file work-v4.cif (mmCIF, C-alpha atoms and all ligand atoms)
data_input
#
loop_
_atom_site.label_atom_id
_atom_site.label_comp_id
_atom_site.auth_asym_id
_atom_site.auth_seq_id
_atom_site.Cartn_x
_atom_site.Cartn_y
_atom_site.Cartn_z
CA MET V 962 34.52 58.67 52.42
CA THR V 963 32.13 56.59 50.36
CA ILE V 964 29.83 58.13 47.78
CA ALA V 965 26.86 57.45 50.06
CA GLN V 966 28.47 59.29 52.98
CA GLU V 967 29.44 62.12 50.70
CA ARG V 968 25.88 62.56 49.47
CA THR V 969 24.62 62.53 53.04
CA LEU V 970 27.06 65.26 54.09
CA ALA V 971 26.19 67.59 51.20
CA ALA V 972 22.47 66.96 51.56
CA LYS V 973 22.63 67.56 55.30
CA VAL V 974 24.49 70.87 55.18
CA ARG V 975 22.48 72.29 52.30
CA GLN V 976 19.54 72.65 54.67
CA ASP V 977 21.66 75.12 56.63
CA PHE V 978 22.02 77.53 53.70
CA PRO V 979 18.70 79.23 52.86
CA ILE V 980 20.16 81.12 49.90
CA LEU V 981 20.90 77.90 48.02
CA HIS V 982 17.21 77.05 47.80
CA GLN V 983 16.08 79.43 45.07
CA GLU V 984 15.74 79.60 41.33
CA VAL V 985 17.82 81.92 39.16
CA ASN V 986 16.58 82.55 35.65
CA GLY V 987 14.00 79.83 36.17
CA LYS V 988 16.60 77.19 37.10
CA PRO V 989 17.71 75.90 40.50
CA LEU V 990 20.67 77.98 41.68
CA VAL V 991 24.04 76.23 41.40
CA TYR V 992 26.46 78.43 43.30
CA LEU V 993 30.04 77.81 42.16
CA ASP V 994 31.68 81.14 43.02
CA ASN V 995 32.93 80.23 46.47
CA ALA V 996 36.47 81.45 45.92
CA ALA V 997 34.99 84.97 45.61
CA THR V 998 32.73 84.62 48.64
CA SER V 999 30.99 81.77 50.44
CA GLN V 1000 27.35 81.55 51.44
CA LYS V 1001 26.29 81.83 55.09
CA PRO V 1002 24.60 79.13 57.18
CA LEU V 1003 21.63 79.84 59.45
CA ALA V 1004 23.86 79.50 62.52
CA VAL V 1005 25.82 82.55 61.34
CA LEU V 1006 22.76 84.54 60.26
CA ASN V 1007 21.15 83.79 63.62
CA ALA V 1008 24.25 84.84 65.54
CA LEU V 1009 24.20 88.23 63.84
CA ARG V 1010 20.49 88.65 64.43
CA HIS V 1011 20.77 87.49 68.04
CA TYR V 1012 23.51 90.03 68.71
CA TYR V 1013 21.45 92.93 67.37
CA GLU V 1014 18.24 91.72 69.00
CA ARG V 1015 19.68 91.13 72.46
CA ASP V 1016 23.27 92.27 73.07
CA ASN V 1017 24.01 95.28 70.86
CA ALA V 1018 26.26 97.74 72.72
CA ASN V 1019 29.76 99.07 72.29
CA VAL V 1020 32.56 96.80 73.48
CA HIS V 1021 35.27 97.26 76.12
CA ARG V 1022 33.27 99.95 77.93
CA GLY V 1023 31.54 97.59 80.29
CA ALA V 1024 29.48 100.04 82.32
CA HIS V 1025 26.28 98.07 81.77
CA THR V 1026 25.03 94.57 81.10
CA LEU V 1027 24.64 94.79 77.33
CA SER V 1028 28.16 96.14 76.96
CA VAL V 1029 29.52 93.29 79.06
CA ARG V 1030 27.62 90.76 76.92
CA ALA V 1031 28.79 92.36 73.68
CA THR V 1032 32.39 92.40 74.91
CA GLU V 1033 32.26 88.78 76.04
CA ALA V 1034 30.83 87.66 72.70
CA TYR V 1035 33.34 89.74 70.71
CA GLU V 1036 36.34 88.52 72.71
CA GLY V 1037 34.88 85.01 72.70
CA ALA V 1038 34.98 85.11 68.90
CA ARG V 1039 38.68 85.93 69.12
CA ASP V 1040 39.23 82.84 71.28
CA LYS V 1041 37.41 80.74 68.69
CA VAL V 1042 39.51 82.05 65.82
CA ALA V 1043 42.71 81.59 67.86
CA SER V 1044 41.95 77.94 68.54
CA PHE V 1045 40.69 77.38 64.98
CA VAL V 1046 44.16 78.17 63.58
CA ASN V 1047 45.93 76.91 66.74
CA ALA V 1048 47.51 80.24 67.69
CA ALA V 1049 49.61 80.05 70.87
CA SER V 1050 47.77 83.04 72.35
CA ARG V 1051 44.51 84.93 71.78
CA GLN V 1052 46.63 88.11 71.70
CA GLU V 1053 48.02 86.92 68.37
CA ILE V 1054 44.65 87.36 66.61
CA VAL V 1055 43.83 90.87 65.37
CA PHE V 1056 40.42 91.48 63.81
CA THR V 1057 40.55 93.41 60.54
CA ARG V 1058 37.99 94.24 57.86
CA ASN V 1059 39.35 91.53 55.56
CA ALA V 1060 42.57 89.88 54.43
CA SER V 1061 43.53 92.93 52.38
CA GLU V 1062 43.47 95.13 55.47
CA ALA V 1063 45.49 92.53 57.39
CA ILE V 1064 48.23 92.55 54.73
CA ASN V 1065 48.22 96.36 54.66
CA LEU V 1066 48.54 96.37 58.44
CA VAL V 1067 51.77 94.34 58.23
CA ALA V 1068 53.02 96.37 55.26
CA TYR V 1069 52.48 99.76 56.89
CA THR V 1070 53.68 98.84 60.38
CA TRP V 1071 56.40 96.20 60.05
CA GLY V 1072 57.31 96.88 56.39
CA LEU V 1073 57.51 100.64 56.47
CA ASN V 1074 59.55 100.65 59.68
CA THR V 1075 61.86 97.73 58.96
CA LEU V 1076 62.73 97.68 55.28
CA GLN V 1077 65.81 99.51 54.04
CA PRO V 1078 66.89 100.43 50.48
CA GLY V 1079 68.08 97.26 48.76
CA ASP V 1080 66.24 94.88 51.09
CA GLU V 1081 64.33 92.27 49.13
CA ILE V 1082 60.73 91.11 49.30
CA ILE V 1083 59.89 87.83 47.59
CA LEU V 1084 56.35 87.32 46.29
CA SER V 1085 55.15 84.84 43.68
CA VAL V 1086 53.68 85.66 40.28
CA MET V 1087 50.40 84.01 41.31
CA GLU V 1088 49.63 86.45 44.15
CA HIS V 1089 46.23 88.11 44.55
CA HIS V 1090 46.39 91.89 44.02
CA SER V 1091 45.95 92.23 47.80
CA ASN V 1092 49.36 90.62 48.26
CA ILE V 1093 51.01 92.62 45.47
CA VAL V 1094 49.92 96.25 45.67
CA PRO V 1095 50.64 96.88 49.40
CA TRP V 1096 54.23 95.67 48.87
CA GLN V 1097 54.62 97.84 45.77
CA LEU V 1098 53.56 100.85 47.84
CA ILE V 1099 55.98 99.95 50.65
CA ALA V 1100 58.81 99.22 48.21
CA GLN V 1101 58.32 102.67 46.65
CA LYS V 1102 58.52 104.30 50.08
CA THR V 1103 61.47 102.29 51.47
CA GLY V 1104 63.59 101.47 48.42
CA ALA V 1105 63.06 97.75 48.99
CA VAL V 1106 63.13 95.55 45.89
CA LEU V 1107 60.40 93.12 44.81
CA LYS V 1108 61.27 89.67 43.42
CA HIS V 1109 58.79 87.14 42.06
CA VAL V 1110 58.84 83.35 42.09
CA ASN V 1111 57.87 81.89 38.70
CA LEU V 1112 55.56 79.02 37.84
CA THR V 1113 56.61 75.52 36.88
CA GLU V 1114 55.35 74.06 33.61
CA THR V 1115 52.49 72.39 35.47
CA GLY V 1116 51.30 75.72 36.85
CA GLU V 1117 52.67 75.47 40.37
CA LEU V 1118 55.06 77.54 42.44
CA ASP V 1119 58.64 76.88 41.31
CA LEU V 1120 60.42 76.01 44.55
CA GLU V 1121 63.80 75.81 42.80
CA HIS V 1122 63.36 79.34 41.51
CA PHE V 1123 62.44 80.43 45.02
CA GLN V 1124 65.69 78.95 46.31
CA GLN V 1125 67.60 80.85 43.62
CA LEU V 1126 65.91 84.14 44.56
CA ILE V 1127 66.31 83.93 48.32
CA SER V 1128 69.44 85.37 49.93
CA ASP V 1129 70.42 87.17 53.06
CA LYS V 1130 69.05 90.35 51.42
CA THR V 1131 65.57 88.82 51.62
CA LYS V 1132 63.68 90.33 54.55
CA LEU V 1133 60.19 89.13 53.70
CA VAL V 1134 58.54 86.30 51.80
CA SER V 1135 54.82 86.86 51.27
CA VAL V 1136 53.03 84.07 49.43
CA VAL V 1137 49.62 82.60 48.91
CA HIS V 1138 48.90 79.19 50.48
CA VAL V 1139 46.28 78.07 47.94
CA SER V 1140 46.03 80.02 44.68
CA ASN V 1141 42.56 81.38 43.98
CA THR V 1142 43.19 81.01 40.23
CA LEU V 1143 45.49 78.00 39.76
CA GLY V 1144 44.16 76.03 42.71
CA CYS V 1145 47.66 74.80 43.55
CA ILE V 1146 48.53 74.18 47.20
CA ASN V 1147 51.91 75.74 47.83
CA PRO V 1148 54.49 73.99 50.05
CA VAL V 1149 54.36 76.71 52.68
CA GLU V 1150 56.11 74.74 55.45
CA GLU V 1151 59.12 74.26 53.19
CA ILE V 1152 59.06 77.90 52.04
CA ILE V 1153 58.89 79.10 55.65
CA ALA V 1154 61.76 76.86 56.78
CA ILE V 1155 63.96 78.05 53.90
CA ALA V 1156 63.06 81.71 54.50
CA HIS V 1157 63.80 81.44 58.22
CA ARG V 1158 67.24 79.96 57.49
CA HIS V 1159 67.95 83.23 55.67
CA GLY V 1160 66.55 85.36 58.47
CA ALA V 1161 63.49 86.43 56.46
CA LYS V 1162 59.98 86.75 57.83
CA VAL V 1163 57.06 85.01 56.12
CA LEU V 1164 53.47 86.14 55.61
CA ILE V 1165 50.99 83.52 54.37
CA ASP V 1166 47.88 84.59 52.46
CA ALA V 1167 45.53 81.87 53.68
CA CYS V 1168 42.28 83.21 52.16
CA GLN V 1169 41.75 80.00 50.17
CA SER V 1170 43.11 77.54 52.73
CA VAL V 1171 41.63 78.51 56.11
CA PRO V 1172 38.04 77.92 54.82
CA HIS V 1173 38.91 74.54 53.27
CA MET V 1174 41.47 72.62 55.35
CA PRO V 1175 42.80 72.37 58.91
CA ILE V 1176 45.37 75.12 59.57
CA ASP V 1177 47.91 75.11 62.40
CA VAL V 1178 49.95 78.32 62.50
CA GLN V 1179 52.34 76.89 65.09
CA ALA V 1180 53.12 73.79 63.04
CA MET V 1181 53.43 75.95 59.92
CA ASP V 1182 55.68 78.39 61.82
CA CYS V 1183 54.55 81.37 59.71
CA ASP V 1184 55.24 84.84 61.12
CA TRP V 1185 51.91 86.24 59.93
CA LEU V 1186 48.84 84.68 58.34
CA VAL V 1187 45.78 86.44 56.95
CA ALA V 1188 42.25 85.34 56.05
CA SER V 1189 38.85 86.85 55.24
CA GLY V 1190 35.69 85.88 57.12
CA HIS V 1191 33.41 86.13 54.11
CA LYS V 1192 35.11 83.17 52.37
CA MET V 1193 34.57 80.94 55.42
CA CYS V 1194 30.81 81.32 55.99
CA ALA V 1195 31.03 84.61 57.94
CA PRO V 1196 29.74 88.02 56.81
CA THR V 1197 31.76 90.57 54.87
CA GLY V 1198 33.59 93.27 56.83
CA ILE V 1199 35.51 90.91 59.11
CA GLY V 1200 38.83 89.14 58.67
CA PHE V 1201 41.85 88.48 60.78
CA LEU V 1202 45.58 88.76 61.07
CA TYR V 1203 47.54 86.15 62.98
CA GLY V 1204 51.01 87.28 64.03
CA LYS V 1205 53.65 85.86 66.34
CA LEU V 1206 53.39 87.66 69.67
CA ASP V 1207 56.91 89.11 69.79
CA LEU V 1208 56.53 90.46 66.25
CA LEU V 1209 53.15 92.07 66.93
CA MET V 1210 54.56 93.58 70.10
CA ALA V 1211 57.45 95.16 68.23
CA MET V 1212 55.22 96.53 65.46
CA PRO V 1213 54.01 100.13 65.89
CA PRO V 1214 50.25 100.85 65.72
CA PHE V 1215 48.57 100.92 62.31
CA MET V 1216 45.67 103.34 62.76
CA GLY V 1217 45.05 105.68 65.66
CA GLY V 1218 41.81 106.21 67.52
CA GLY V 1219 39.72 104.90 70.37
CA GLU V 1220 40.17 101.30 71.61
CA MET V 1221 43.87 101.18 70.67
CA ILE V 1222 45.15 103.48 73.43
CA ALA V 1223 46.16 103.10 77.04
CA GLU V 1224 46.38 106.83 77.87
CA VAL V 1225 46.00 109.89 75.68
CA PHE V 1226 47.58 113.26 76.37
CA LEU V 1227 47.25 116.23 74.09
CA ASP V 1228 50.74 115.76 72.68
CA HIS V 1229 51.27 112.00 72.87
CA SER V 1230 49.62 108.68 73.69
CA THR V 1231 50.48 105.27 75.04
CA TYR V 1232 49.00 102.23 73.40
CA ALA V 1233 46.77 99.43 74.52
CA GLU V 1234 47.96 95.86 75.00
CA LEU V 1235 47.73 93.40 72.15
CA PRO V 1236 45.62 92.80 70.22
CA HIS V 1237 43.75 96.06 70.89
CA LYS V 1238 46.75 98.14 69.82
CA PHE V 1239 45.79 97.24 66.24
CA GLU V 1240 42.02 97.67 66.54
CA ALA V 1241 41.37 101.41 66.41
CA GLY V 1242 37.79 102.60 66.72
CA THR V 1243 34.59 100.66 67.28
CA PRO V 1244 35.15 97.28 65.63
CA ALA V 1245 32.76 95.24 63.47
CA ILE V 1246 31.26 93.66 66.60
CA GLY V 1247 28.35 91.73 65.09
CA GLU V 1248 30.51 90.55 62.19
CA ALA V 1249 33.26 89.32 64.52
CA ILE V 1250 30.71 87.46 66.65
CA SER V 1251 29.31 85.94 63.46
CA LEU V 1252 32.82 84.88 62.43
CA GLY V 1253 32.99 83.08 65.77
CA ALA V 1254 29.72 81.34 64.89
CA ALA V 1255 31.13 80.42 61.46
CA VAL V 1256 34.23 78.92 63.10
CA ASP V 1257 31.96 76.88 65.41
CA TYR V 1258 29.93 75.72 62.43
CA LEU V 1259 33.00 74.66 60.44
CA SER V 1260 34.60 73.01 63.49
CA ASN V 1261 31.43 71.04 64.19
CA LEU V 1262 31.51 69.68 60.64
CA GLY V 1263 35.24 69.07 61.03
CA MET V 1264 37.83 70.74 58.82
CA ASP V 1265 39.39 67.35 58.02
CA LYS V 1266 35.99 66.09 56.84
CA ILE V 1267 35.38 69.24 54.78
CA HIS V 1268 38.78 68.86 53.17
CA ALA V 1269 38.30 65.15 52.42
CA TYR V 1270 34.87 65.83 50.94
CA GLU V 1271 36.24 68.64 48.76
CA GLU V 1272 38.91 66.25 47.48
CA GLU V 1273 36.14 63.88 46.37
CA LEU V 1274 34.44 66.78 44.59
CA THR V 1275 37.75 67.78 42.98
CA ALA V 1276 38.26 64.29 41.59
CA TYR V 1277 34.73 64.26 40.19
CA LEU V 1278 34.97 67.81 38.78
CA PHE V 1279 38.21 67.10 36.93
CA LYS V 1280 36.94 63.79 35.61
CA GLN V 1281 33.98 65.61 34.08
CA LEU V 1282 36.13 68.47 32.77
CA HIS V 1283 38.41 65.97 31.01
CA GLY V 1284 35.36 64.95 28.99
CA ILE V 1285 35.37 68.36 27.28
CA PRO V 1286 38.42 68.33 24.99
CA GLU V 1287 38.04 71.98 23.89
CA LEU V 1288 38.61 73.13 27.45
CA LYS V 1289 41.95 74.38 28.78
CA VAL V 1290 42.21 74.16 32.57
CA TYR V 1291 45.00 76.03 34.40
CA GLY V 1292 47.05 74.84 37.34
CA PRO V 1293 48.05 71.33 38.40
CA GLN V 1294 46.01 68.19 37.80
CA PRO V 1295 44.63 66.50 40.91
CA THR V 1296 45.54 62.90 41.69
CA GLU V 1297 42.88 60.31 40.93
CA ASP V 1298 41.47 60.72 44.43
CA GLY V 1299 41.33 64.50 44.09
CA LYS V 1300 44.41 65.38 46.13
CA GLY V 1301 47.07 67.96 45.36
CA ARG V 1302 44.91 70.92 44.43
CA ALA V 1303 41.91 72.94 45.54
CA ALA V 1304 38.31 72.28 44.51
CA LEU V 1305 38.24 74.96 41.83
CA ALA V 1306 38.95 75.13 38.12
CA SER V 1307 39.93 78.17 36.06
CA PHE V 1308 39.55 77.51 32.36
CA THR V 1309 39.25 78.97 28.88
CA LEU V 1310 37.48 77.86 25.74
CA PRO V 1311 39.05 78.78 22.38
CA GLY V 1312 37.37 81.75 20.71
CA LEU V 1313 35.13 82.47 23.69
CA ASP V 1314 35.40 85.34 26.11
CA SER V 1315 35.26 84.22 29.75
CA SER V 1316 32.51 86.77 30.46
CA ASP V 1317 30.35 85.21 27.72
CA ILE V 1318 30.78 81.80 29.35
CA SER V 1319 29.68 83.08 32.77
CA ALA V 1320 26.76 85.03 31.25
CA LEU V 1321 25.48 81.94 29.41
CA LEU V 1322 25.90 79.72 32.48
CA ASP V 1323 23.99 82.29 34.52
CA GLN V 1324 21.06 81.75 32.15
CA GLU V 1325 21.10 78.15 33.39
CA GLY V 1326 21.23 79.22 37.04
CA VAL V 1327 24.92 78.33 37.33
CA ALA V 1328 26.99 81.03 39.07
CA ILE V 1329 30.68 81.03 38.13
CA ARG V 1330 33.19 83.85 38.00
CA SER V 1331 34.94 85.26 34.94
CA GLY V 1332 37.77 87.73 34.51
CA HIS V 1333 41.21 88.00 36.11
CA HIS V 1334 40.12 87.05 39.68
CA CYS V 1335 42.40 89.80 41.07
CA THR V 1336 45.44 87.99 39.63
CA GLN V 1337 46.17 90.11 36.57
CA PRO V 1338 49.95 89.52 36.51
CA LEU V 1339 49.31 85.75 36.62
CA HIS V 1340 46.83 85.95 33.74
CA ARG V 1341 49.39 87.92 31.71
CA ILE V 1342 51.86 85.07 32.27
CA LEU V 1343 49.22 82.50 31.32
CA GLY V 1344 48.74 84.55 28.14
CA VAL V 1345 45.01 85.18 28.59
CA SER V 1346 43.11 88.29 29.61
CA GLY V 1347 40.68 86.29 31.70
CA THR V 1348 39.50 82.84 32.67
CA ALA V 1349 36.18 81.40 33.76
CA ARG V 1350 36.34 79.86 37.22
CA ALA V 1351 34.12 77.36 39.01
CA SER V 1352 34.98 77.11 42.71
CA LEU V 1353 33.36 74.69 45.15
CA TYR V 1354 32.65 74.47 48.84
CA PHE V 1355 31.43 71.70 51.13
CA TYR V 1356 27.74 72.40 50.41
CA ASN V 1357 28.22 71.69 46.71
CA SER V 1358 27.29 68.27 45.39
CA ARG V 1359 28.01 66.08 42.41
CA GLU V 1360 24.64 67.21 41.07
CA ASP V 1361 25.95 70.79 41.09
CA ILE V 1362 28.95 69.68 39.07
CA ASP V 1363 26.68 67.80 36.66
CA ALA V 1364 24.52 70.90 36.16
CA PHE V 1365 27.63 72.99 35.54
CA ILE V 1366 29.06 70.51 33.02
CA THR V 1367 25.76 70.23 31.17
CA ALA V 1368 25.45 74.02 30.96
CA LEU V 1369 29.05 74.26 29.79
CA LYS V 1370 28.49 71.68 27.04
CA ASP V 1371 25.35 73.53 25.96
CA THR V 1372 27.36 76.75 25.78
CA ILE V 1373 29.97 75.09 23.59
CA ASP V 1374 27.27 73.68 21.30
CA PHE V 1375 25.57 77.07 21.12
CA PHE V 1376 28.73 78.88 20.06
CA GLY V 1377 29.78 76.00 17.84
CA ASN V 1378 26.51 76.40 15.94
CA ILE V 1379 26.96 80.15 15.65
CA MET V 1380 30.49 79.79 14.33
CA ASP V 1381 29.65 76.97 11.87
C1 LIG A 1401 39.88 86.82 48.36
C2 LIG A 1401 41.36 86.79 48.41
C3 LIG A 1401 42.10 87.86 48.91
C4 LIG A 1401 41.48 89.15 49.33
O1 LIG A 1401 40.47 89.00 50.26
P1 LIG A 1401 39.58 90.30 50.64
O2 LIG A 1401 38.49 89.70 51.45
O3 LIG A 1401 39.10 90.89 49.35
O4 LIG A 1401 40.46 91.21 51.39
C5 LIG A 1401 43.46 87.73 48.96
N1 LIG A 1401 44.08 86.61 48.57
C6 LIG A 1401 43.41 85.56 48.09
C7 LIG A 1401 44.14 84.33 47.69
C8 LIG A 1401 42.03 85.61 47.99
O5 LIG A 1401 41.37 84.57 47.51
#
call {"tool": "encode", "arguments": {"input": "work-v4.cif", "output": "structure tokens"}}
result
Amino acid sequence: MTIAQERTLAAKVRQDFPILHQEVNGKPLVYLDNAATSQKPLAVLNALRHYYERDNANVHRGAHTLSVRATEAYEGARDKVASFVNAASRQEIVFTRNASEAINLVAYTWGLNTLQPGDEIILSVMEHHSNIVPWQLIAQKTGAVLKHVNLTETGELDLEHFQQLISDKTKLVSVVHVSNTLGCINPVEEIIAIAHRHGAKVLIDACQSVPHMPIDVQAMDCDWLVASGHKMCAPTGIGFLYGKLDLLMAMPPFMGGGEMIAEVFLDHSTYAELPHKFEAGTPAIGEAISLGAAVDYLSNLGMDKIHAYEEELTAYLFKQLHGIPELKVYGPQPTEDGKGRAALASFTLPGLDSSDISALLDQEGVAIRSGHHCTQPLHRILGVSGTARASLYFYNSREDIDAFITALKDTIDFFGNIMD
């Protein structure tokens, strides 16, 4: 992509995001907190509004026209998500509230019923709390043992250490695809192939990859994959679990209630077919439909184009960051053309608290995150209590990066003057 094309893409899509066109603290908003949540395009906002204005009714109870429309739109969204990640069947997509709920679903159904004392679960030290705490809870209940893959010196997943940890005792490997703190892209295909050779199942936390690059669950051969809608242009309150059909079939229900049953007697019940077995109660209908609209929006732009554009932004971001010698950036360096890591940068400045950095940048209208980004164990290993993090999406431009860098340099000057 040439610089001219890149500018055109960013400029074009920015019109689709009303929220980006405002001032914060008297400055144009520069939103660089996309790893926490993305903004929503008009197509998604309109889908939600359209549903409530025209089609709102409960699903799967098609006694009247609105209910049929709502059901068709809700199940249509499932088809869209299934083809977006190339699932072999729509039955392999279960709607959840978010990625955290999807991981808990696997933990409390498959994990609780499969794991035996002494069985091993391999995670990495860079996992999000959502992919740590559920497995701690299940390990406590089952007697399974948690193992953790270390980092390499360059701040990536240590594949050699993984190969040392894995054995025939390993029953599950649950790892993040793209780290929300380090920005590294983990070699999940290789991890999955190795795990399968040992008879272990693999769950991929794809919260930071599904929004940013093409994902093919069949090519990847993962057993489960989870993502959150709100990081991929959809509303909060909707996410999904992908699972291989035979595995989902063998897993017992997670929560009980309406929607997930076939027949209910006073003393027992039979369960609905997949994927409804895992969707107890009235689902987040409007949110799921909006996720379908988000998937359409992203697909129309093209996930390969989004990814290529974000690589260009990554190259530019890191080039600018290298111009600030005081800065320490965590995770791997990108190649010169921005490949090999995600379009985000977690960093520290000596003597400055990350929350002071984000507060000062906010004064300039620049929204970045500070703290542990739900990766406290990782921050302990990095030896810092928190980092500041700028994370980009396809609607960000070089101008956004320039504004961020200028604000960052001003912050350094400001504190430099105070400390002098
Ligand atoms: C955001 C995130 C999660 C958790 O997503 P929720 O929407 O809060 O459930 C898990 N893992 C990673 C890598 C994330 O970025």
call {"tool": "residues_around", "arguments": {"input": "work-v4.cif", "residues": "range 1093-1102 of chain V", "least_positions_apart": "3", "cutoff": "12 Å", "atoms": "only C-alpha atoms", "output": "count of residues only"}}
result
49
call {"tool": "residues_around", "arguments": {"input": "work-v4.cif", "residues": "range 1248-1264 of chain V", "least_positions_apart": "3", "cutoff": "10 Å", "atoms": "only C-alpha atoms", "output": "ChimeraX atom specification"}}
result
/V:970,974,1001-1012,1031-1042,1044-1046,1056-1058,1171-1176,1189-1191,1193-1201,1244-1245,1267-1270,1355
call {"tool": "atom_distance", "arguments": {"input": "work-v4.cif", "atom1": "CA of Glu1287 in chain V", "atom2": "CA of Arg1341 in chain V"}}
result
21.1 Å
call {"tool": "closest_residue", "arguments": {"input": "work-v4.cif", "among": "V:Ser1050, V:Gln1281, V:Ser1346, V:Ser1352", "to": "ligand LIG 1401 (chain A)", "atoms": "only C-alpha atoms and all ligand atoms"}}
result
V:Ser1352
call {"tool": "closest_residue", "arguments": {"input": "work-v4.cif", "among": "V:Ser1316, V:Ser1307, V:Thr1372, V:Ser1140", "to": "ligand LIG 1401 (chain A)", "atoms": "only C-alpha atoms and all ligand atoms"}}
result
V:Ser1140
call {"tool": "closest_residue", "arguments": {"input": "work-v4.cif", "among": "V:Lys1266, V:Arg1330, V:Lys1289, V:Arg1030", "to": "Leu1343 in chain V", "atoms": "only C-alpha atoms"}}
result
V:Lys1289
call {"tool": "residues_near_point", "arguments": {"input": "work-v4.cif", "point": "(34.5, 76.4, 33.7)", "cutoff": "6 Å", "atoms": "all atoms listed in the file", "output": "number ranges by chain"}}
result
V: 1308, 1349-1351
call {"tool": "residues_around", "arguments": {"input": "work-v4.cif", "residues": "Ala1156 in chain V", "least_positions_apart": "3", "cutoff": "9 Å", "atoms": "only C-alpha atoms", "output": "list in words"}}
result
Ile1127, Ser1128, Thr1131, Lys1132, Leu1133, Val1134, Glu1151, Ile1152, Ile1153, His1159, Gly1160, Ala1161, Lys1162 and Val1163 of chain V
call {"tool": "atom_distance", "arguments": {"input": "work-v4.cif", "atom1": "CA of Asn1141 in chain V", "atom2": "CA of Gly1116 in chain V"}}
result
12.6 Å
call {"tool": "atom_distance", "arguments": {"input": "work-v4.cif", "atom1": "CA of His1237 in chain V", "atom2": "atom O4 of ligand LIG 1401 (chain A)"}}
result
20.4 Å
call {"tool": "closest_residue", "arguments": {"input": "work-v4.cif", "among": "V:Thr1026, V:Thr1367, V:Asn1059, V:Ser999", "to": "ligand LIG 1401 (chain A)", "atoms": "all atoms listed in the file"}}
result
V:Asn1059
call {"tool": "closest_residue", "arguments": {"input": "work-v4.cif", "among": "V:Ala1233, V:Arg1051, V:Ile1165, V:Met1181", "to": "ligand LIG 1401 (chain A)", "atoms": "all atoms listed in the file"}}
result
V:Ile1165
call {"tool": "closest_residue", "arguments": {"input": "work-v4.cif", "among": "V:Gly987, V:Gly1312, V:Gly1144, V:Gly1301", "to": "ligand LIG 1401 (chain A)", "atoms": "all atoms listed in the file"}}
result
V:Gly1144
call {"tool": "residues_around", "arguments": {"input": "work-v4.cif", "residues": "Met1216 in chain V", "least_positions_apart": "6", "cutoff": "8 Å", "atoms": "all atoms listed in the file", "output": "list in words"}}
result
Phe1239, Glu1240 and Ala1241 of chain V
call {"tool": "residues_around", "arguments": {"input": "work-v4.cif", "residues": "Gly1217 in chain V", "least_positions_apart": "3", "cutoff": "10 Å", "atoms": "all atoms listed in the file", "output": "list of chain:residue names"}}
result
V:Pro1214, V:Glu1220, V:Met1221, V:Ile1222, V:Ser1230, V:Tyr1232, V:Lys1238, V:Phe1239, V:Glu1240, V:Ala1241, V:Gly1242
call {"tool": "decode", "arguments": {"input": "work-v4.cif", "residues": "range 1057-1090 of chain V", "atoms": "C-alpha atoms", "output": "mmCIF file, in the first residue's frame"}}
result
data_model
loop_
_atom_site.group_PDB
_atom_site.id
_atom_site.type_symbol
_atom_site.label_atom_id
_atom_site.label_comp_id
_atom_site.auth_asym_id
_atom_site.auth_seq_id
_atom_site.Cartn_x
_atom_site.Cartn_y
_atom_site.Cartn_z
ATOM 1 C CA THR V 1057 -21.536 -15.249 24.754
ATOM 2 C CA ARG V 1058 -21.395 -11.926 26.587
ATOM 3 C CA ASN V 1059 -17.691 -11.533 25.828
ATOM 4 C CA ALA V 1060 -14.456 -13.493 25.528
ATOM 5 C CA SER V 1061 -14.242 -13.912 29.299
ATOM 6 C CA GLU V 1062 -17.578 -15.703 29.372
ATOM 7 C CA ALA V 1063 -16.507 -17.881 26.443
ATOM 8 C CA ILE V 1064 -13.372 -19.004 28.305
ATOM 9 C CA ASN V 1065 -15.396 -19.647 31.460
ATOM 10 C CA LEU V 1066 -17.839 -21.707 29.408
ATOM 11 C CA VAL V 1067 -15.024 -24.028 28.285
ATOM 12 C CA ALA V 1068 -13.491 -24.083 31.769
ATOM 13 C CA TYR V 1069 -16.713 -24.989 33.576
ATOM 14 C CA THR V 1070 -18.020 -27.503 31.034
ATOM 15 C CA TRP V 1071 -15.042 -29.228 29.412
ATOM 16 C CA GLY V 1072 -12.460 -28.419 32.125
ATOM 17 C CA LEU V 1073 -14.462 -29.293 35.191
ATOM 18 C CA ASN V 1074 -15.678 -32.570 33.686
ATOM 19 C CA THR V 1075 -12.475 -33.709 31.998
ATOM 20 C CA LEU V 1076 -9.511 -32.721 34.119
ATOM 21 C CA GLN V 1077 -8.166 -35.130 36.725
ATOM 22 C CA PRO V 1078 -5.702 -34.558 39.600
ATOM 23 C CA GLY V 1079 -2.217 -34.214 38.118
ATOM 24 C CA ASP V 1080 -3.417 -33.290 34.623
ATOM 25 C CA GLU V 1081 -1.582 -30.254 33.323
ATOM 26 C CA ILE V 1082 -2.810 -27.012 31.798
ATOM 27 C CA ILE V 1083 -0.263 -24.891 29.948
ATOM 28 C CA LEU V 1084 -0.801 -21.132 29.790
ATOM 29 C CA SER V 1085 1.745 -18.422 29.056
ATOM 30 C CA VAL V 1086 2.914 -15.704 31.426
ATOM 31 C CA MET V 1087 1.524 -13.051 29.060
ATOM 32 C CA GLU V 1088 -2.129 -14.158 29.381
ATOM 33 C CA HIS V 1089 -4.943 -11.708 30.071
ATOM 34 C CA HIS V 1090 -6.567 -12.277 33.482
#
